[in-house]
file upload07.txt (compact mmCIF, C-alpha atoms and all ligand atoms)
# COMPACT_ATOMS: atom_id res chain seq x y z
CA ASP A 1 174.91 143.29 93.73
CA VAL A 2 174.82 142.19 97.35
CA PRO A 3 172.96 145.17 98.88
CA SER A 4 170.22 145.24 96.25
CA THR A 5 169.77 141.47 96.32
CA THR A 6 169.59 141.56 100.13
CA ALA A 7 167.00 144.34 100.01
CA LEU A 8 164.96 142.42 97.43
CA PHE A 9 165.07 139.32 99.61
CA LYS A 10 163.91 141.21 102.68
CA SER A 11 161.02 142.74 100.75
CA LEU A 12 159.56 139.27 100.09
CA ASN A 13 156.74 137.85 102.15
CA THR A 14 157.48 135.06 104.61
CA ASP A 15 156.74 132.07 102.40
CA ASP A 16 158.64 133.60 99.49
CA GLN A 17 161.68 134.02 101.74
CA LEU A 18 161.46 130.37 102.81
CA ALA A 19 161.07 129.31 99.19
CA VAL A 20 164.11 131.32 98.07
CA LEU A 21 166.23 129.83 100.86
CA TRP A 22 165.08 126.36 99.89
CA PHE A 23 165.83 126.72 96.19
CA ALA A 24 169.13 128.47 96.92
CA TYR A 25 170.02 125.45 99.05
CA THR A 26 169.03 122.96 96.36
CA GLU A 27 171.19 124.81 93.84
CA MET A 28 174.13 125.63 96.11
CA GLY A 29 173.98 122.41 98.07
CA ARG A 30 176.83 120.74 96.27
CA SER A 31 179.12 123.76 96.45
CA ILE A 32 178.36 124.36 100.13
CA THR A 33 179.07 120.82 101.28
CA PRO A 34 182.87 121.04 100.83
CA ALA A 35 182.82 124.21 102.95
CA ALA A 36 181.32 121.87 105.57
CA PRO A 37 178.72 124.03 107.30
CA GLY A 38 180.60 124.02 110.54
CA ALA A 39 179.83 120.72 112.20
CA ALA A 40 181.46 122.32 115.23
CA ARG A 41 179.15 125.32 115.05
CA LEU A 42 176.11 123.09 114.91
CA GLN A 43 176.65 121.94 118.48
CA PHE A 44 175.22 125.31 119.55
CA ALA A 45 172.11 124.69 117.43
CA GLU A 46 171.71 121.06 118.42
CA GLY A 47 168.97 121.64 121.01
CA LEU A 48 167.06 123.80 118.59
CA LEU A 49 167.28 121.19 115.83
CA THR A 50 166.23 118.45 118.24
CA SER A 51 163.14 120.43 119.27
CA ILE A 52 162.19 121.06 115.66
CA LYS A 53 162.66 117.42 114.67
CA ALA A 54 160.23 116.44 117.45
CA MET A 55 157.48 118.67 116.01
CA SER A 56 154.72 117.82 113.55
CA HIS A 57 155.22 119.03 109.99
CA GLU A 58 152.71 121.79 110.59
CA GLU A 59 154.57 122.98 113.69
CA GLN A 60 157.90 122.81 111.84
CA LEU A 61 156.60 125.09 109.12
CA GLN A 62 155.14 127.41 111.74
CA ALA A 63 158.49 127.54 113.57
CA MET A 64 160.26 128.52 110.35
CA ARG A 65 157.64 131.15 109.57
CA ASP A 66 158.04 132.50 113.11
CA LEU A 67 161.79 132.81 112.56
CA VAL A 68 161.25 134.83 109.40
CA ARG A 69 158.55 136.98 111.00
CA LYS A 70 160.48 137.42 114.25
CA VAL A 71 157.60 136.16 116.35
CA ASN A 72 158.76 135.81 119.97
CA THR A 73 158.83 132.10 120.93
CA PRO A 74 161.29 129.85 122.77
CA ILE A 75 162.52 128.65 119.36
CA THR A 76 163.06 132.09 117.89
CA ARG A 77 164.83 133.24 121.07
CA ALA A 78 167.13 130.20 120.98
CA TYR A 79 167.92 131.07 117.37
CA GLY A 80 168.51 134.71 118.23
CA ILE A 81 171.58 133.99 120.37
CA LEU A 82 173.40 132.01 117.65
CA SER A 83 176.29 133.56 115.71
CA VAL A 84 175.60 134.38 112.10
CA ASN A 85 177.55 131.39 110.76
CA THR A 86 175.74 129.11 113.18
CA LYS A 87 172.45 130.58 111.94
CA LEU A 88 173.48 129.68 108.39
CA ALA A 89 174.61 126.23 109.47
CA PHE A 90 171.27 125.79 111.25
CA TRP A 91 169.30 126.61 108.08
CA TYR A 92 171.56 124.34 106.08
CA GLN A 93 170.94 121.51 108.53
CA LEU A 94 167.18 122.09 108.40
CA ALA A 95 167.34 121.79 104.62
CA GLU A 96 169.30 118.55 104.96
CA LEU A 97 166.63 117.26 107.36
CA MET A 98 163.99 118.19 104.79
CA ASN A 99 165.86 116.06 102.27
CA GLU A 100 165.92 113.20 104.74
CA GLY A 101 162.19 113.50 105.40
CA ALA A 102 162.63 114.51 109.04
CA VAL A 103 161.37 118.06 108.40
CA VAL A 104 158.35 119.24 106.40
CA PRO A 105 159.10 119.20 102.65
CA VAL A 106 158.31 121.86 100.09
CA PRO A 107 155.39 120.39 98.10
CA ALA A 108 156.71 118.62 94.98
CA ASN A 109 154.56 120.74 92.67
CA TYR A 110 155.43 124.01 94.43
CA LYS A 111 155.97 126.93 92.05
CA MET A 112 157.81 129.96 93.28
CA THR A 113 156.05 133.29 92.87
CA PRO A 114 157.52 135.68 90.28
CA ALA A 115 158.84 137.88 93.11
CA ALA A 116 160.67 134.97 94.75
CA ASN A 117 161.97 133.82 91.40
CA ALA A 118 163.41 137.26 90.67
CA VAL A 119 165.36 137.18 93.94
CA LEU A 120 166.68 133.68 93.24
CA ASN A 121 167.82 134.81 89.78
CA SER A 122 169.59 137.76 91.25
CA ILE A 123 171.35 135.48 93.78
CA GLU A 124 172.41 133.15 90.96
CA LYS A 125 174.14 136.01 89.18
CA LEU A 126 176.47 136.62 92.15
CA ASP A 127 179.71 134.78 92.74
CA PHE A 128 179.86 132.21 95.52
CA SER A 129 181.25 134.45 98.25
CA GLN A 130 178.69 137.14 97.44
CA GLN A 131 175.95 134.52 97.60
CA ILE A 132 177.11 133.58 101.08
CA THR A 133 177.03 137.23 102.11
CA VAL A 134 173.46 137.57 100.87
CA LEU A 135 172.49 134.43 102.78
CA ARG A 136 174.20 135.73 105.94
CA ASN A 137 172.30 139.01 105.55
CA ALA A 138 169.10 137.04 105.06
CA VAL A 139 169.35 134.92 108.20
CA ILE A 140 171.10 137.27 110.61
CA ASP A 141 167.97 139.27 111.53
CA MET A 142 165.63 136.32 111.71
CA GLY A 143 164.38 135.15 115.09
CA VAL A 144 164.37 137.25 118.22
CA ASP A 145 167.44 138.48 120.09
CA PRO A 146 166.51 137.92 123.75
CA LEU A 147 169.13 140.46 124.83
CA ALA A 148 167.96 143.25 122.54
O1 LIG A 201 153.43 124.18 101.74
O2 LIG A 201 180.17 127.88 109.24
C1 LIG A 201 156.46 126.97 101.57
C2 LIG A 201 180.43 128.78 105.25
C3 LIG A 201 154.99 127.29 101.26
C4 LIG A 201 181.60 128.24 106.07
C5 LIG A 201 156.62 125.65 102.31
C6 LIG A 201 179.12 128.45 105.85
C7 LIG A 201 154.22 126.16 100.79
C8 LIG A 201 181.50 128.59 107.48
C9 LIG A 201 156.91 128.12 102.45
C10 LIG A 201 157.24 126.95 100.29
C11 LIG A 201 180.51 130.30 105.16
C12 LIG A 201 180.56 128.18 103.86
C13 LIG A 201 155.58 124.74 102.36
C14 LIG A 201 179.05 128.14 107.21
C15 LIG A 201 154.35 124.97 101.65
C16 LIG A 201 180.22 128.17 108.05
C17 LIG A 201 157.82 125.29 103.06
C18 LIG A 201 177.97 128.63 104.96
C19 LIG A 201 155.67 123.46 103.15
C20 LIG A 201 177.79 127.79 107.88
C21 LIG A 201 159.05 125.80 102.94
C22 LIG A 201 176.89 127.93 104.85
C23 LIG A 201 160.18 125.39 103.75
C24 LIG A 201 175.81 128.21 103.91
C25 LIG A 201 159.99 124.43 104.85
C26 LIG A 201 176.06 129.08 102.76
C27 LIG A 201 161.40 125.95 103.46
C28 LIG A 201 174.59 127.67 104.16
C29 LIG A 201 162.62 125.69 104.16
C30 LIG A 201 173.40 127.87 103.39
C31 LIG A 201 163.80 126.18 103.70
C32 LIG A 201 172.24 127.31 103.76
C33 LIG A 201 165.12 125.92 104.26
C34 LIG A 201 170.96 127.44 103.09
C35 LIG A 201 166.18 126.43 103.58
C36 LIG A 201 169.90 126.82 103.69
C37 LIG A 201 165.27 125.13 105.49
C38 LIG A 201 170.84 128.19 101.85
C39 LIG A 201 167.56 126.33 103.97
C40 LIG A 201 168.55 126.90 103.26
call {"tool": "encode", "arguments": {"input": "upload07.txt", "output": "structure tokens"}}
result
Amino acid sequence: DVPSTTALFKSLNTDDQLAVLWFAYTEMGRSITPAAPGAARLQFAEGLLTSIKAMSHEEQLQAMRDLVRKVNTPITRAYGILSVNTKLAFWYQLAELMNEGAVVPVPANYKMTPAANAVLNSIEKLDFSQQITVLRNAVIDMGVDPLA
């Protein structure tokens, strides 16, 4: 269910969390698109996406790891003030940019760890709205809330 899948996700290490998000995106991508990850919402993440696009691949990966690990940086603080749906739309947009080659790709031969794979399987067993809830739970605590 949603709580156990969320807990499993949060127990993963940083790279496993990024990998699960990536493969969830590649599998959900087509079903998410009609729901149109809030083009309007993305205006609030535009500056953040622009900064990330300007980075080297290495820095892009580091920025994403910092978000997962809640390392305090200008990027993670900018993320921290976004609403949860904008956070999701931001991750979705990053994944699209990965597809376009503007953001560091997952290596073609990358194999998920068994732990990451177990979480992805458990996400796949949920219905679409539950999957979205798990993803919201996954991204809501990432980054740093500058007001906290
Ligand atoms: O070398 O607004 C590894 C709705 C290690 C509607 C790596 C919605 C090895 C309302 C870490 C693997 C609710 C539908 C490298 C929105 C290595 C609304 C790199 C929902 C390079 C927004 C890994 C939207 C990397 C939804 C770079 C459901 C991984 C959106 C990067 C869902 C992973 C979005 C990324 C999802 C994953 C986005 C960027 C699932 C993004 C996933």
call {"tool": "residues_around", "arguments": {"input": "upload07.txt", "residues": "Leu147 in chain A", "least_positions_apart": "6", "cutoff": "12 Å", "atoms": "only C-alpha atoms", "output": "list of chain:residue names"}}
result
A:Arg77, A:Ala78, A:Gly80, A:Ile81, A:Leu82
call {"tool": "residues_near_ligand", "arguments": {"input": "upload07.txt", "ligand": "ligand LIG 201 (chain A)", "cutoff": "8 Å", "atoms": "all atoms listed in the file", "output": "PyMOL selection string"}}
result
chain A and resi 14-26+28-29+32-33+35-39+41+60-61+64-65+85-96+98+103-107+110+112+131-132+135-136
call {"tool": "atom_distance", "arguments": {"input": "upload07.txt", "atom1": "CA of Pro3 in chain A", "atom2": "CA of Lys111 in chain A"}}
result
25.8 Å
call {"tool": "residues_around", "arguments": {"input": "upload07.txt", "residues": "Asn72 in chain A", "least_positions_apart": "5", "cutoff": "9 Å", "atoms": "only C-alpha atoms", "output": "compact mmCIF listing (two decimals) with C-alpha atoms, keeping the file's coordinate frame"}}
result
# COMPACT_ATOMS: atom_id res chain seq x y z
CA ASP A 66 158.04 132.50 113.11
CA LEU A 67 161.79 132.81 112.56
CA ARG A 77 164.83 133.24 121.07
CA GLY A 143 164.38 135.15 115.09
CA VAL A 144 164.37 137.25 118.22
CA PRO A 146 166.51 137.92 123.75
call {"tool": "closest_residue", "arguments": {"input": "upload07.txt", "among": "A:Val119, A:Ser56, A:Ser129, A:Leu97", "to": "Ser11 in chain A", "atoms": "all atoms listed in the file"}}
result
A:Val119
call {"tool": "atom_distance", "arguments": {"input": "upload07.txt", "atom1": "CA of Ala102 in chain A", "atom2": "CA of Thr133 in chain A"}}
result
27.8 Å
call {"tool": "atom_distance", "arguments": {"input": "upload07.txt", "atom1": "CA of Asn121 in chain A", "atom2": "CA of Lys10 in chain A"}}
result
14.9 Å
call {"tool": "closest_residue", "arguments": {"input": "upload07.txt", "among": "A:Ala63, A:Tyr79, A:Asn13, A:Glu27", "to": "Ile123 in chain A", "atoms": "all atoms listed in the file"}}
result
A:Glu27
call {"tool": "decode", "arguments": {"input": "upload07.txt", "residues": "range 54-65 of chain A", "atoms": "all heavy atoms", "output": "PDB file, in the first residue's frame"}}
result
ATOM      1  N   ALA A  54      22.223  24.929 -16.821  1.00  0.00           N
ATOM      2  CA  ALA A  54      23.510  25.598 -17.070  1.00  0.00           C
ATOM      3  C   ALA A  54      24.687  24.837 -16.454  1.00  0.00           C
ATOM      4  O   ALA A  54      25.835  25.178 -16.713  1.00  0.00           O
ATOM      5  CB  ALA A  54      23.458  27.026 -16.526  1.00  0.00           C
ATOM      6  N   MET A  55      24.407  23.824 -15.647  1.00  0.00           N
ATOM      7  CA  MET A  55      25.479  23.098 -14.954  1.00  0.00           C
ATOM      8  C   MET A  55      26.087  22.006 -15.824  1.00  0.00           C
ATOM      9  O   MET A  55      25.475  21.553 -16.794  1.00  0.00           O
ATOM     10  CB  MET A  55      24.905  22.417 -13.701  1.00  0.00           C
ATOM     11  CG  MET A  55      24.425  23.345 -12.631  1.00  0.00           C
ATOM     12  SD  MET A  55      23.648  22.363 -11.324  1.00  0.00           S
ATOM     13  CE  MET A  55      23.294  23.666 -10.148  1.00  0.00           C
ATOM     14  N   SER A  56      27.289  21.558 -15.432  1.00  0.00           N
ATOM     15  CA  SER A  56      27.876  20.370 -16.047  1.00  0.00           C
ATOM     16  C   SER A  56      27.059  19.147 -15.608  1.00  0.00           C
ATOM     17  O   SER A  56      26.305  19.206 -14.630  1.00  0.00           O
ATOM     18  CB  SER A  56      29.328  20.191 -15.593  1.00  0.00           C
ATOM     19  OG  SER A  56      29.358  19.855 -14.215  1.00  0.00           O
ATOM     20  N   HIS A  57      27.238  18.048 -16.308  1.00  0.00           N
ATOM     21  CA  HIS A  57      26.536  16.817 -15.927  1.00  0.00           C
ATOM     22  C   HIS A  57      26.838  16.407 -14.498  1.00  0.00           C
ATOM     23  O   HIS A  57      25.956  16.002 -13.744  1.00  0.00           O
ATOM     24  CB  HIS A  57      26.899  15.686 -16.904  1.00  0.00           C
ATOM     25  CG  HIS A  57      26.117  15.742 -18.173  1.00  0.00           C
ATOM     26  ND1 HIS A  57      26.194  14.778 -19.153  1.00  0.00           N
ATOM     27  CD2 HIS A  57      25.219  16.644 -18.630  1.00  0.00           C
ATOM     28  CE1 HIS A  57      25.369  15.096 -20.140  1.00  0.00           C
ATOM     29  NE2 HIS A  57      24.783  16.230 -19.853  1.00  0.00           N
ATOM     30  N   GLU A  58      28.120  16.557 -14.146  1.00  0.00           N
ATOM     31  CA  GLU A  58      28.533  16.182 -12.790  1.00  0.00           C
ATOM     32  C   GLU A  58      27.809  17.034 -11.741  1.00  0.00           C
ATOM     33  O   GLU A  58      27.330  16.522 -10.725  1.00  0.00           O
ATOM     34  CB  GLU A  58      30.039  16.380 -12.687  1.00  0.00           C
ATOM     35  CG  GLU A  58      30.735  15.574 -11.631  1.00  0.00           C
ATOM     36  CD  GLU A  58      32.255  15.768 -11.757  1.00  0.00           C
ATOM     37  OE1 GLU A  58      32.762  15.686 -12.910  1.00  0.00           O
ATOM     38  OE2 GLU A  58      32.886  16.039 -10.735  1.00  0.00           O
ATOM     39  N   GLU A  59      27.738  18.330 -12.014  1.00  0.00           N
ATOM     40  CA  GLU A  59      27.059  19.237 -11.077  1.00  0.00           C
ATOM     41  C   GLU A  59      25.557  18.961 -11.029  1.00  0.00           C
ATOM     42  O   GLU A  59      24.922  19.092  -9.972  1.00  0.00           O
ATOM     43  CB  GLU A  59      27.279  20.691 -11.500  1.00  0.00           C
ATOM     44  CG  GLU A  59      28.707  21.178 -11.338  1.00  0.00           C
ATOM     45  CD  GLU A  59      28.959  22.517 -12.032  1.00  0.00           C
ATOM     46  OE1 GLU A  59      28.316  22.795 -13.082  1.00  0.00           O
ATOM     47  OE2 GLU A  59      29.805  23.272 -11.540  1.00  0.00           O
ATOM     48  N   GLN A  60      24.987  18.577 -12.167  1.00  0.00           N
ATOM     49  CA  GLN A  60      23.552  18.263 -12.197  1.00  0.00           C
ATOM     50  C   GLN A  60      23.253  17.067 -11.303  1.00  0.00           C
ATOM     51  O   GLN A  60      22.301  17.078 -10.519  1.00  0.00           O
ATOM     52  CB  GLN A  60      23.123  17.971 -13.636  1.00  0.00           C
ATOM     53  CG  GLN A  60      23.111  19.217 -14.509  1.00  0.00           C
ATOM     54  CD  GLN A  60      22.925  18.897 -15.976  1.00  0.00           C
ATOM     55  OE1 GLN A  60      23.145  17.767 -16.421  1.00  0.00           O
ATOM     56  NE2 GLN A  60      22.531  19.904 -16.749  1.00  0.00           N
ATOM     57  N   LEU A  61      24.090  16.052 -11.422  1.00  0.00           N
ATOM     58  CA  LEU A  61      23.886  14.858 -10.590  1.00  0.00           C
ATOM     59  C   LEU A  61      24.066  15.221  -9.120  1.00  0.00           C
ATOM     60  O   LEU A  61      23.284  14.800  -8.262  1.00  0.00           O
ATOM     61  CB  LEU A  61      24.851  13.741 -11.018  1.00  0.00           C
ATOM     62  CG  LEU A  61      24.754  12.435 -10.233  1.00  0.00           C
ATOM     63  CD1 LEU A  61      23.338  11.870 -10.255  1.00  0.00           C
ATOM     64  CD2 LEU A  61      25.743  11.405 -10.803  1.00  0.00           C
ATOM     65  N   GLN A  62      25.089  16.045  -8.852  1.00  0.00           N
ATOM     66  CA  GLN A  62      25.315  16.466  -7.467  1.00  0.00           C
ATOM     67  C   GLN A  62      24.106  17.243  -6.939  1.00  0.00           C
ATOM     68  O   GLN A  62      23.682  17.027  -5.798  1.00  0.00           O
ATOM     69  CB  GLN A  62      26.586  17.336  -7.387  1.00  0.00           C
ATOM     70  CG  GLN A  62      27.002  17.658  -5.957  1.00  0.00           C
ATOM     71  CD  GLN A  62      27.268  16.401  -5.147  1.00  0.00           C
ATOM     72  OE1 GLN A  62      27.982  15.506  -5.591  1.00  0.00           O
ATOM     73  NE2 GLN A  62      26.665  16.307  -3.956  1.00  0.00           N
ATOM     74  N   ALA A  63      23.539  18.107  -7.751  1.00  0.00           N
ATOM     75  CA  ALA A  63      22.381  18.900  -7.311  1.00  0.00           C
ATOM     76  C   ALA A  63      21.205  17.984  -6.968  1.00  0.00           C
ATOM     77  O   ALA A  63      20.507  18.201  -5.975  1.00  0.00           O
ATOM     78  CB  ALA A  63      21.976  19.898  -8.393  1.00  0.00           C
ATOM     79  N   MET A  64      21.008  16.944  -7.781  1.00  0.00           N
ATOM     80  CA  MET A  64      19.909  16.014  -7.495  1.00  0.00           C
ATOM     81  C   MET A  64      20.186  15.202  -6.241  1.00  0.00           C
ATOM     82  O   MET A  64      19.292  14.963  -5.427  1.00  0.00           O
ATOM     83  CB  MET A  64      19.667  15.113  -8.705  1.00  0.00           C
ATOM     84  CG  MET A  64      19.004  15.852  -9.863  1.00  0.00           C
ATOM     85  SD  MET A  64      18.517  14.746 -11.202  1.00  0.00           S
ATOM     86  CE  MET A  64      19.733  15.123 -12.435  1.00  0.00           C
ATOM     87  N   ARG A  65      21.460  14.797  -6.078  1.00  0.00           N
ATOM     88  CA  ARG A  65      21.803  14.068  -4.840  1.00  0.00           C
ATOM     89  C   ARG A  65      21.612  14.971  -3.625  1.00  0.00           C
ATOM     90  O   ARG A  65      21.135  14.518  -2.581  1.00  0.00           O
ATOM     91  CB  ARG A  65      23.246  13.571  -4.919  1.00  0.00           C
ATOM     92  CG  ARG A  65      23.409  12.386  -5.862  1.00  0.00           C
ATOM     93  CD  ARG A  65      24.877  12.005  -6.016  1.00  0.00           C
ATOM     94  NE  ARG A  65      25.017  10.714  -6.696  1.00  0.00           N
ATOM     95  CZ  ARG A  65      26.094  10.372  -7.408  1.00  0.00           C
ATOM     96  NH1 ARG A  65      27.118  11.210  -7.521  1.00  0.00           N
ATOM     97  NH2 ARG A  65      26.143   9.180  -7.994  1.00  0.00           N
TER      98      ARG A  65
END
